[in-house]
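First up is the structure itself, then whatever we jot down about it.
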Amino acid sequence: MKNICKAVLTVLLVFGAGSGAAQTAASKTAAIYYPDANWQRKTPAESGLNAQMLKEAVDFAVASEIKNPRDLKLNHYQTFGREPFGDAIGPIKDR
């Protein structure tokens, strides 16, 4: 799950950092791809991305990851659970 979140954040950061003209040209020539259970894998060059900018985006995402516990129940009770009536309503799923 962590790797998928990084990948999505990276793609959003890289495409958001690109020029509007480049995005428009790319969207006209490439068909829209909606991933299913098996995601396509491409190199940055195959995708028309700047490899250095992509690496910087990944490094930023890794460095900016939240420091809270990955155990959501523990995280809840260390944050909101300290408030009055801070008990969880319903189950807390594994992250």
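Chain labels run A, B, ... following the order of the structure tokens; each chain numbers its residues from 1, and ligands are numbered from 1 in the order shown.
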Might you pull out every residue within 12 Å of Thr43 in chain A, with only C-alpha atoms counted and same-chain residues fewer than 6 positions away left off, and present them as a list in words?
Leu49, Asn50, Ala51, Leu54 and Lys55 of chain A
Contacts of His76 in chain A within 9 Å, only C-alpha atoms, excl. fewer than 3 positions in-chain, as a list in words:
Asp71, Leu72, Lys73, Thr79, Phe80, Gly81, Arg82, Gly86, Asp87, Ala88 and Ile92 of chain A
Could you dump the residues just selected with N, CA, C and O atoms as a CSV table (one decimal), in the first residue's frame?
chain,number,residue,atom,x,y,z
A,71,ASP,N,0.2,1.5,12.8
A,71,ASP,CA,-0.9,0.8,13.5
A,71,ASP,C,-2.0,1.9,13.7
A,71,ASP,O,-1.8,2.8,14.5
A,72,LEU,N,-3.1,1.8,13.0
A,72,LEU,CA,-4.1,2.9,13.1
A,72,LEU,C,-4.8,3.0,14.4
A,72,LEU,O,-5.2,4.1,14.9
A,73,LYS,N,-4.9,1.9,15.1
A,73,LYS,CA,-5.6,1.9,16.4
A,73,LYS,C,-4.6,2.6,17.4
A,73,LYS,O,-5.1,3.5,18.1
A,79,THR,N,-3.6,10.2,19.3
A,79,THR,CA,-4.0,11.6,18.8
A,79,THR,C,-5.4,11.9,19.3
A,79,THR,O,-5.6,12.4,20.4
A,80,PHE,N,-6.4,11.5,18.5
A,80,PHE,CA,-7.8,11.9,18.8
A,80,PHE,C,-8.3,11.1,20.0
A,80,PHE,O,-9.2,11.6,20.7
A,81,GLY,N,-7.8,10.0,20.3
A,81,GLY,CA,-8.2,9.2,21.5
A,81,GLY,C,-8.0,9.9,22.8
A,81,GLY,O,-8.5,9.5,23.8
A,82,ARG,N,-7.1,10.9,22.8
A,82,ARG,CA,-6.8,11.6,24.1
A,82,ARG,C,-7.9,12.6,24.4
A,82,ARG,O,-8.0,13.2,25.5
A,86,GLY,N,-13.1,10.2,23.2
A,86,GLY,CA,-12.2,10.0,22.0
A,86,GLY,C,-12.2,8.5,21.6
A,86,GLY,O,-11.3,8.1,20.8
A,87,ASP,N,-13.1,7.7,22.2
A,87,ASP,CA,-13.1,6.3,21.8
A,87,ASP,C,-13.5,6.2,20.3
A,87,ASP,O,-14.3,6.9,19.8
A,88,ALA,N,-12.9,5.2,19.6
A,88,ALA,CA,-13.3,4.9,18.2
A,88,ALA,C,-14.7,4.4,18.1
A,88,ALA,O,-15.2,3.7,19.0
A,92,ILE,N,-11.4,-0.3,13.7
A,92,ILE,CA,-10.2,0.3,13.0
A,92,ILE,C,-9.5,-0.7,12.3
A,92,ILE,O,-9.0,-1.7,12.9
